[in-house]
Every structure is written in structure tokens, then in C-alpha cells.
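What follows is the content of run.tsv (TSV, C-alpha atoms).
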chain	number	residue	atom	x	y	z
G	1	MET	CA	93.53	105.75	91.34
G	2	LEU	CA	94.27	103.03	88.81
G	3	ALA	CA	97.85	101.99	87.99
G	4	LEU	CA	98.99	100.18	84.84
G	5	HIS	CA	102.51	98.75	84.64
G	6	GLY	CA	105.02	98.60	81.83
G	7	TRP	CA	106.00	95.77	79.48
G	8	GLY	CA	107.37	92.71	81.23
G	9	ARG	CA	106.47	94.10	84.67
G	10	THR	CA	103.64	93.49	87.15
G	11	ARG	CA	101.40	95.47	89.45
G	12	SER	CA	104.00	95.09	92.22
G	13	ASP	CA	105.94	97.88	90.50
G	14	PHE	CA	103.56	100.29	92.22
G	15	ASP	CA	103.74	98.94	95.78
G	16	ARG	CA	105.98	101.72	97.02
G	17	LEU	CA	104.54	104.51	94.89
G	18	LEU	CA	100.92	103.91	95.88
G	19	ALA	CA	101.44	103.17	99.57
G	20	GLY	CA	98.88	105.22	101.49
G	21	TYR	CA	96.71	105.98	98.47
G	22	ASP	CA	93.28	104.56	97.68
G	23	ALA	CA	94.41	102.80	94.51
G	24	VAL	CA	94.12	99.66	92.41
G	25	ALA	CA	97.04	98.25	90.39
G	26	LEU	CA	96.34	95.62	87.74
G	27	ASP	CA	98.37	92.84	86.17
G	28	LEU	CA	97.77	93.58	82.50
G	29	PRO	CA	96.87	90.57	80.30
G	30	GLY	CA	99.96	88.46	79.65
G	31	PHE	CA	101.84	89.60	82.76
G	32	GLY	CA	101.93	88.53	86.37
G	33	ALA	CA	98.84	86.52	87.29
G	34	SER	CA	96.85	87.61	84.23
G	35	PRO	CA	96.64	85.27	81.20
G	36	PRO	CA	97.54	86.64	77.76
G	37	PRO	CA	94.88	87.91	75.38
G	38	GLY	CA	93.37	85.43	72.95
G	39	GLU	CA	94.76	87.30	69.95
G	40	ALA	CA	97.31	89.97	69.15
G	41	ILE	CA	95.94	93.40	70.10
G	42	GLY	CA	97.30	96.88	70.56
G	43	ALA	CA	96.67	99.50	73.23
G	44	ALA	CA	93.04	100.00	72.26
G	45	GLY	CA	92.44	96.27	72.54
G	46	TYR	CA	94.05	96.20	75.96
G	47	ALA	CA	91.88	99.14	77.00
G	48	GLN	CA	88.80	97.16	76.07
G	49	LEU	CA	89.99	94.22	78.17
G	50	VAL	CA	90.46	96.30	81.31
G	51	GLU	CA	87.78	98.97	80.91
G	52	PHE	CA	85.45	97.02	83.22
G	53	ILE	CA	87.51	98.23	86.17
G	54	LEU	CA	86.34	101.80	85.61
G	55	ASP	CA	82.88	100.79	86.79
G	56	ASP	CA	84.31	99.84	90.19
G	57	PHE	CA	85.27	103.42	91.06
G	58	ASP	CA	82.78	105.70	92.83
G	59	THR	CA	84.27	108.68	91.01
G	60	PRO	CA	86.41	108.83	87.86
G	61	PRO	CA	89.95	107.76	88.78
G	62	VAL	CA	93.33	109.22	88.04
G	63	ILE	CA	95.26	106.67	85.98
G	64	VAL	CA	99.00	106.24	86.40
G	65	GLY	CA	100.63	104.45	83.47
G	66	HIS	CA	104.26	103.48	83.00
G	67	SER	CA	105.59	102.75	79.51
G	68	PHE	CA	103.30	100.12	77.91
G	69	GLY	CA	100.73	100.70	80.65
G	70	GLY	CA	100.68	104.37	79.67
G	71	ARG	CA	99.74	103.39	76.13
G	72	VAL	CA	96.74	101.57	77.57
G	73	ALA	CA	95.92	104.50	79.86
G	74	VAL	CA	95.82	106.89	76.90
G	75	ALA	CA	93.53	104.52	75.00
G	76	LEU	CA	91.24	104.26	78.03
G	77	ALA	CA	91.02	108.03	78.48
G	78	ALA	CA	90.35	108.56	74.77
G	79	ALA	CA	87.61	105.92	74.68
G	80	HIS	CA	85.98	106.92	77.98
G	81	PRO	CA	86.52	110.68	78.41
G	82	GLY	CA	84.01	111.05	81.23
G	83	ALA	CA	85.31	108.09	83.20
G	84	VAL	CA	88.91	109.28	83.75
G	85	SER	CA	89.72	112.38	85.81
G	86	GLY	CA	93.41	112.60	84.97
G	87	LEU	CA	96.44	110.83	83.51
G	88	ILE	CA	99.96	110.55	84.85
G	89	LEU	CA	102.23	109.06	82.20
G	90	VAL	CA	105.75	107.91	83.03
G	91	GLY	CA	108.16	107.15	80.17
G	92	VAL	CA	105.42	106.28	77.69
G	93	PRO	CA	106.14	105.86	73.93
G	94	LEU	CA	103.37	108.26	72.95
G	95	VAL	CA	104.58	109.36	69.53
G	96	ARG	CA	107.13	108.09	67.06
G	97	LEU	CA	109.68	110.75	66.23
G	98	SER	CA	111.07	110.94	62.72
G	99	GLY	CA	114.41	109.18	62.53
G	100	SER	CA	114.27	108.05	66.17
G	101	GLY	CA	113.81	104.35	65.54
G	102	ALA	CA	116.90	102.17	65.48
G	103	ARG	CA	117.20	100.40	62.15
G	104	PRO	CA	117.88	96.66	62.35
G	105	SER	CA	121.42	95.60	61.47
G	106	TRP	CA	122.14	94.67	57.86
G	107	ARG	CA	122.79	91.08	58.96
G	108	TYR	CA	119.33	90.75	60.47
G	109	ARG	CA	117.71	92.46	57.47
G	110	LEU	CA	119.45	89.96	55.20
G	111	VAL	CA	118.34	86.95	57.25
G	112	ARG	CA	114.79	88.32	57.50
G	113	ARG	CA	114.61	88.78	53.74
G	114	ALA	CA	115.89	85.25	53.20
G	115	GLY	CA	113.16	84.01	55.54
G	116	ARG	CA	110.47	85.80	53.58
G	117	MET	CA	111.78	84.16	50.41
G	118	GLY	CA	111.73	80.73	52.03
G	119	LEU	CA	115.49	80.33	51.71
G	120	ILE	CA	116.12	79.55	55.38
G	121	SER	CA	114.23	77.59	58.02
G	122	GLU	CA	111.97	79.10	60.66
G	123	LYS	CA	114.39	77.76	63.26
G	124	ARG	CA	117.26	79.74	61.72
G	125	LEU	CA	115.08	82.83	61.48
G	126	GLU	CA	114.09	82.52	65.13
G	127	ARG	CA	117.77	82.32	66.14
G	128	ALA	CA	118.35	85.58	64.28
G	129	ARG	CA	115.35	87.21	66.00
G	130	ARG	CA	116.74	86.23	69.38
G	131	ARG	CA	120.22	87.44	68.51
G	132	PHE	CA	119.34	90.79	67.00
G	133	GLY	CA	115.96	91.65	68.55
G	134	SER	CA	115.43	93.83	71.62
G	135	VAL	CA	115.45	92.30	75.10
G	136	ASP	CA	111.65	92.60	75.25
G	137	TYR	CA	111.32	90.94	71.85
G	138	ARG	CA	113.67	88.10	72.76
G	139	ASN	CA	111.81	87.43	75.98
G	140	ALA	CA	108.35	87.51	74.41
G	141	THR	CA	106.83	84.42	72.84
G	142	GLY	CA	103.67	83.50	70.99
G	143	ILE	CA	100.82	85.99	71.18
G	144	MET	CA	102.80	88.33	73.42
G	145	ARG	CA	105.50	88.76	70.80
G	146	ASP	CA	102.81	89.70	68.27
G	147	VAL	CA	101.33	92.14	70.81
G	148	LEU	CA	104.74	93.73	71.29
G	149	VAL	CA	105.25	94.18	67.56
G	150	MET	CA	101.84	95.86	67.26
G	151	ALA	CA	102.48	98.13	70.22
G	152	VAL	CA	105.89	99.41	69.16
G	153	ASN	CA	104.43	100.45	65.81
G	154	GLU	CA	101.60	102.49	67.33
G	155	SER	CA	101.51	106.25	67.83
G	156	TYR	CA	98.84	108.21	69.68
G	157	GLU	CA	98.60	111.69	68.19
G	158	GLU	CA	94.84	111.45	67.61
G	159	GLU	CA	94.12	110.08	71.08
G	160	LEU	CA	96.26	112.72	72.80
G	161	SER	CA	94.58	115.55	70.91
G	162	GLY	CA	91.14	114.33	71.98
G	163	ILE	CA	91.84	113.83	75.69
G	164	THR	CA	90.03	116.41	77.82
G	165	CYS	CA	91.29	115.50	81.31
G	166	PRO	CA	94.58	116.90	82.66
G	167	VAL	CA	97.69	114.95	81.68
G	168	ARG	CA	100.98	115.05	83.55
G	169	LEU	CA	104.13	113.63	81.94
G	170	ILE	CA	106.94	112.44	84.24
G	171	TRP	CA	110.21	111.61	82.44
G	172	GLY	CA	113.75	110.71	83.34
G	173	VAL	CA	116.35	112.95	81.74
G	174	GLY	CA	118.41	109.81	81.08
G	175	ASP	CA	115.59	107.72	79.62
G	176	THR	CA	117.17	105.98	76.63
G	177	ALA	CA	114.16	103.74	75.94
G	178	VAL	CA	111.82	106.72	75.46
G	179	PRO	CA	113.82	109.97	75.31
G	180	PRO	CA	112.39	113.20	76.79
G	181	ALA	CA	111.98	114.51	73.24
G	182	VAL	CA	109.00	112.15	72.94
G	183	ALA	CA	107.34	113.82	75.93
G	184	GLU	CA	108.08	117.28	74.56
G	185	ALA	CA	106.48	116.40	71.23
G	186	ALA	CA	103.45	114.82	72.91
G	187	LEU	CA	102.96	117.79	75.21
G	188	LYS	CA	102.15	120.00	72.23
G	189	MET	CA	99.13	117.82	71.45
G	190	ILE	CA	97.62	117.84	74.95
G	191	ALA	CA	95.04	120.46	75.90
G	192	ASP	CA	95.84	120.44	79.64
G	193	GLY	CA	99.35	119.07	79.99
G	194	GLY	CA	102.46	119.41	82.09
G	195	LEU	CA	105.95	117.91	81.93
G	196	ASP	CA	108.40	117.16	84.74
G	197	VAL	CA	111.82	115.95	83.59
G	198	VAL	CA	113.69	114.34	86.49
G	199	ASP	CA	117.48	114.63	86.79
G	200	GLY	CA	119.31	111.42	87.63
G	201	ALA	CA	116.41	109.24	86.46
G	202	GLY	CA	116.03	106.84	83.56
G	203	HIS	CA	113.04	104.96	82.22
G	204	ASP	CA	111.64	103.85	85.60
G	205	VAL	CA	111.03	107.15	87.38
G	206	HIS	CA	108.18	105.60	89.38
G	207	LEU	CA	110.73	103.26	90.97
G	208	SER	CA	113.77	105.53	91.33
G	209	HIS	CA	111.99	108.79	92.19
G	210	PRO	CA	108.46	107.89	93.36
G	211	GLU	CA	108.15	111.19	95.20
G	212	ARG	CA	108.16	113.09	91.89
G	213	VAL	CA	105.27	111.01	90.63
G	214	GLN	CA	103.47	111.46	93.94
G	215	VAL	CA	103.65	115.24	93.53
G	216	ALA	CA	101.77	114.87	90.25
G	217	ILE	CA	99.30	112.48	91.86
G	218	ASP	CA	98.56	114.87	94.71
G	219	GLY	CA	98.11	117.73	92.27
G	220	LEU	CA	95.43	115.86	90.35
G	221	LEU	CA	93.67	114.46	93.41
G	222	THR	CA	93.20	117.82	95.11

Representation of the structure as C-alpha cells:
Amino acid sequence: MLALHGWGRTRSDFDRLLAGYDAVALDLPGFGASPPPGEAIGAAGYAQLVEFILDDFDTPPVIVGHSFGGRVAVALAAAHPGAVSGLILVGVPLVRLSGSGARPSWRYRLVRRAGRMGLISEKRLERARRRFGSVDYRNATGIMRDVLVMAVNESYEEELSGITCPVRLIWGVGDTAVPPAVAEAALKMIADGGLDVVDGAGHDVHLSHPERVQVAIDGLLT
């Protein structure tokens, strides 16, 4: 198996989940011990950076991806259909639902417009970004902030429709970052898909309820 972590996390997220399995967990570029990419790239770009690892497996692996890592997993499976035997996606922003995105506050929109017109300094604009942006956005800097902006604007309908391996979606019923409605919409695009919505779980099902993810893992490994 191959495991790909979420935004702002590291491969250590999977220590408990993958204990006892023959698995590899990566630090994606820009996180943990891995340096950031040389330029802003989206999920497909990340897939190209890590696709070399597929050659290290004797047989096509099952890929477990959480959140941002799941975006990369989908891109890998779409680009290398014969090299991935299955996907397990946990709380992944796979599709953008109409009306689901939170609109920035009017104050931030006003400051941003003033910045585009050159009416305020970059320093003032950056203060507004840090005040009104998401936690991930505030914590990201340089290239990684540009990567985040690209990623949150991506949607993977075409990739999901072309994936031939089995895909299992594991979601927390209380996931506010990526609501279960996203998984339900994505499931309709997947040829061989399944969805497990976990009561009492939020965005990090692999941490709070690893046994539910392990059930999916065992089902794809047998």
C-alpha cells in the first residue's frame, strides 16, 4: 500500500492505521521532510512528482489518500490506470458542489479589490489575507500558498469517471471541511465505488476511527 497525507500533515498520520501492513507513507512535497515543489502545481503536478514510487512495488498498490493526499491519489490512478489496484479516499475534496463554497466577507473583498487597483500596500493586503483567510491559507507561505490556491479550485469529475480500479470512500458524518454530500456526488461518477459514512467522526476518520479504514483496506487487499 501507499499512503498520502492531507494538507499540513505528514506521513506520521498513518503510523497507527498502517501498523502491521506492508505499506509506504510519503511526506508530500512541501510537508515534513520533503522540500516544496519548484513552482505552484496542482494535484496532477504532485502526482508527477511522486509517481516514481509506483515502480518500487512488486504489484500495483492500493493507495490510501486523506484530504489533499486523496487529490493526488486520484490524479495518480487516472494517469496510471494499470499501476494502481485500488483507492481508499478519506475526506477528499473530489468535486465542488454548487453553492457549497463560503464566499469571502465583504470586508476582505473590498480590501482585495483595493489591492488589485493599487490603492493599498502589499503589506496591508497580506494582513487582510491572514485575518480573513482559512487556517491553511494563513499558515501557508510562498509557493505552498500558491499550491493551496490551485488545489482548492480543482475538481476531479473527469478523473473519477475514468478510474477503472475499485474506489472506497470513507467519510465522517460530521466532516465540516468536506461534507458527506461531496462523497455522495463523487460516488455517482465512479464505476466501482463504495461509501462508508462514519458516525461520530469528522474530517480525520483515519485518526479517529482507523478500524473503519482498515476494513476498506482489507477488502481491497483480499

What separation in Å, quoted to one decimal, exists between atom CA of G:Gly202 and atom CA of G:Gln214?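 Atom-to-atom, atom CA of G:Gly202 and atom CA of G:Gln214 are spaced 16.9 Å apart.
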
Considering only C-alpha atoms, can you say which of G:Pro61, G:Gly69, G:Gly118, G:Gly142 comes closest to G:Thr10?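 The closest residue to G:Thr10 is G:Gly69.
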
Considering all atoms listed in the file, can you say which of G:Ile190, G:Val167, G:Val74, G:Val90 comes closest to G:Ser155? G:Val74

Given the choices G:Ala23, G:Ala83, G:Val215, G:Met189, which gets closest to G:Glu51 if the distance is worked out from all atoms listed in the file?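 Checking each candidate against G:Glu51, we get G:Ala83 as the closest.
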
Distance of atom CA of G:Met144 from atom CA of G:Gly172, expressed in Å to one decimal place: 26.8 Å

Here's a test: counting all atoms listed in the file, identify every protein, DNA and RNA residue with an atom at most 9 Å from (113.4, 119.8, 81.4) in the file's coordinate frame, and state them as an mmCIF file with C-alpha atoms, in the coordinates of the input.
data_model
loop_
_atom_site.group_PDB
_atom_site.id
_atom_site.type_symbol
_atom_site.label_atom_id
_atom_site.label_comp_id
_atom_site.auth_asym_id
_atom_site.auth_seq_id
_atom_site.Cartn_x
_atom_site.Cartn_y
_atom_site.Cartn_z
ATOM 1 C CA TRP G 171 110.210 111.610 82.440
ATOM 2 C CA VAL G 173 116.350 112.950 81.740
ATOM 3 C CA PRO G 180 112.390 113.200 76.790
ATOM 4 C CA LEU G 195 105.950 117.910 81.930
ATOM 5 C CA ASP G 196 108.400 117.160 84.740
ATOM 6 C CA VAL G 197 111.820 115.950 83.590
ATOM 7 C CA VAL G 198 113.690 114.340 86.490
ATOM 8 C CA ASP G 199 117.480 114.630 86.790
#

Need the shell around G:Pro36: protein/DNA/RNA residues with any atom at most 9 Å away, counting only C-alpha atoms. Skip same-chain ones fewer than 5 positions apart. Format as a count of residues only? 6

Selected residue, from G:Ala19, G:Leu2, G:Ala44, G:Leu76, that lies nearest to G:Met150 when counting all atoms listed in the file: G:Ala44

In Å, how far is it from atom CA of G:Arg9 to atom CA of G:His66?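 Computing the Euclidean distance for atom CA of G:Arg9 and atom CA of G:His66 yields 9.8 Å.
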
Would you list the residues near (106.4, 104.7, 88.6), meaning any protein, DNA or RNA residue with an atom at most 7 Å from that point in file coordinates, counting all atoms listed in the file, as a list in words?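 Output: Phe14, Leu17, His66, Val90, Asp204, Val205, His206, Leu207, Pro210 and Val213 of chain G.
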
Shortest interatomic distance to G:Arg168 - which of G:Glu122, G:Gly86, G:Val182, G:Arg96, counting all atoms listed in the file: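 Using all atoms listed in the file, the shortest distance to G:Arg168 belongs to G:Gly86.
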
For G:Ala151, which of G:Ala40, G:Ile217, G:Val135, G:Val64 is the closest residue, counting only C-alpha atoms?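 Smallest separation from G:Ala151 among the options: G:Ala40.
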
Shell around G:Ala78 at 9 Å using all atoms listed in the file, local window under 5 positions removed, as number ranges by chain: G: 73, 158-160, 162-164

Stretch 135-157 of chain G rebuilt with N, CA and C atoms, output as a PDB file, keeping the file's coordinate frame:
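Saved as part-v7.pdb:
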ATOM      1  N   VAL G 135     115.609  93.202  73.951  1.00  0.00           N
ATOM      2  CA  VAL G 135     115.450  92.300  75.100  1.00  0.00           C
ATOM      3  C   VAL G 135     113.984  91.921  75.250  1.00  0.00           C
ATOM      4  N   ASP G 136     113.081  92.896  75.129  1.00  0.00           N
ATOM      5  CA  ASP G 136     111.650  92.600  75.250  1.00  0.00           C
ATOM      6  C   ASP G 136     111.219  91.618  74.166  1.00  0.00           C
ATOM      7  N   TYR G 137     111.713  91.819  72.947  1.00  0.00           N
ATOM      8  CA  TYR G 137     111.320  90.940  71.850  1.00  0.00           C
ATOM      9  C   TYR G 137     111.855  89.533  72.070  1.00  0.00           C
ATOM     10  N   ARG G 138     113.086  89.424  72.524  1.00  0.00           N
ATOM     11  CA  ARG G 138     113.670  88.100  72.760  1.00  0.00           C
ATOM     12  C   ARG G 138     112.936  87.348  73.860  1.00  0.00           C
ATOM     13  N   ASN G 139     112.472  88.080  74.853  1.00  0.00           N
ATOM     14  CA  ASN G 139     111.810  87.430  75.980  1.00  0.00           C
ATOM     15  C   ASN G 139     110.349  87.106  75.713  1.00  0.00           C
ATOM     16  N   ALA G 140     109.760  87.749  74.717  1.00  0.00           N
ATOM     17  CA  ALA G 140     108.350  87.510  74.410  1.00  0.00           C
ATOM     18  C   ALA G 140     108.204  86.299  73.486  1.00  0.00           C
ATOM     19  N   THR G 141     107.121  85.571  73.682  1.00  0.00           N
ATOM     20  CA  THR G 141     106.830  84.420  72.840  1.00  0.00           C
ATOM     21  C   THR G 141     105.360  84.415  72.456  1.00  0.00           C
ATOM     22  N   GLY G 142     105.052  83.694  71.392  1.00  0.00           N
ATOM     23  CA  GLY G 142     103.670  83.500  70.990  1.00  0.00           C
ATOM     24  C   GLY G 142     102.907  84.790  70.783  1.00  0.00           C
ATOM     25  N   ILE G 143     101.691  84.834  71.325  1.00  0.00           N
ATOM     26  CA  ILE G 143     100.820  85.990  71.180  1.00  0.00           C
ATOM     27  C   ILE G 143     101.485  87.256  71.709  1.00  0.00           C
ATOM     28  N   MET G 144     102.220  87.127  72.810  1.00  0.00           N
ATOM     29  CA  MET G 144     102.800  88.330  73.420  1.00  0.00           C
ATOM     30  C   MET G 144     103.867  88.959  72.529  1.00  0.00           C
ATOM     31  N   ARG G 145     104.548  88.174  71.749  1.00  0.00           N
ATOM     32  CA  ARG G 145     105.500  88.760  70.800  1.00  0.00           C
ATOM     33  C   ARG G 145     104.742  89.535  69.725  1.00  0.00           C
ATOM     34  N   ASP G 146     103.628  88.996  69.271  1.00  0.00           N
ATOM     35  CA  ASP G 146     102.810  89.700  68.270  1.00  0.00           C
ATOM     36  C   ASP G 146     102.237  90.992  68.863  1.00  0.00           C
ATOM     37  N   VAL G 147     101.824  90.939  70.135  1.00  0.00           N
ATOM     38  CA  VAL G 147     101.330  92.140  70.810  1.00  0.00           C
ATOM     39  C   VAL G 147     102.415  93.202  70.862  1.00  0.00           C
ATOM     40  N   LEU G 148     103.629  92.792  71.202  1.00  0.00           N
ATOM     41  CA  LEU G 148     104.740  93.730  71.290  1.00  0.00           C
ATOM     42  C   LEU G 148     105.012  94.399  69.955  1.00  0.00           C
ATOM     43  N   VAL G 149     105.009  93.624  68.896  1.00  0.00           N
ATOM     44  CA  VAL G 149     105.250  94.180  67.560  1.00  0.00           C
ATOM     45  C   VAL G 149     104.183  95.216  67.212  1.00  0.00           C
ATOM     46  N   MET G 150     102.917  94.897  67.525  1.00  0.00           N
ATOM     47  CA  MET G 150     101.840  95.860  67.260  1.00  0.00           C
ATOM     48  C   MET G 150     102.049  97.132  68.067  1.00  0.00           C
ATOM     49  N   ALA G 151     102.376  96.969  69.341  1.00  0.00           N
ATOM     50  CA  ALA G 151     102.480  98.130  70.220  1.00  0.00           C
ATOM     51  C   ALA G 151     103.590  99.072  69.799  1.00  0.00           C
ATOM     52  N   VAL G 152     104.747  98.543  69.461  1.00  0.00           N
ATOM     53  CA  VAL G 152     105.890  99.410  69.160  1.00  0.00           C
ATOM     54  C   VAL G 152     105.681 100.168  67.842  1.00  0.00           C
ATOM     55  N   ASN G 153     104.709  99.747  67.062  1.00  0.00           N
ATOM     56  CA  ASN G 153     104.430 100.450  65.810  1.00  0.00           C
ATOM     57  C   ASN G 153     103.260 101.416  65.926  1.00  0.00           C
ATOM     58  N   GLU G 154     102.720 101.563  67.135  1.00  0.00           N
ATOM     59  CA  GLU G 154     101.600 102.490  67.330  1.00  0.00           C
ATOM     60  C   GLU G 154     102.096 103.872  67.734  1.00  0.00           C
ATOM     61  N   SER G 155     101.266 104.874  67.437  1.00  0.00           N
ATOM     62  CA  SER G 155     101.510 106.250  67.830  1.00  0.00           C
ATOM     63  C   SER G 155     100.155 106.862  68.159  1.00  0.00           C
ATOM     64  N   TYR G 156     100.112 107.840  69.074  1.00  0.00           N
ATOM     65  CA  TYR G 156      98.840 108.210  69.680  1.00  0.00           C
ATOM     66  C   TYR G 156      98.508 109.700  69.538  1.00  0.00           C
ATOM     67  N   GLU G 157      98.888 110.279  68.414  1.00  0.00           N
ATOM     68  CA  GLU G 157      98.600 111.690  68.190  1.00  0.00           C
ATOM     69  C   GLU G 157      97.094 111.991  68.280  1.00  0.00           C
TER      70      GLU G 157
END
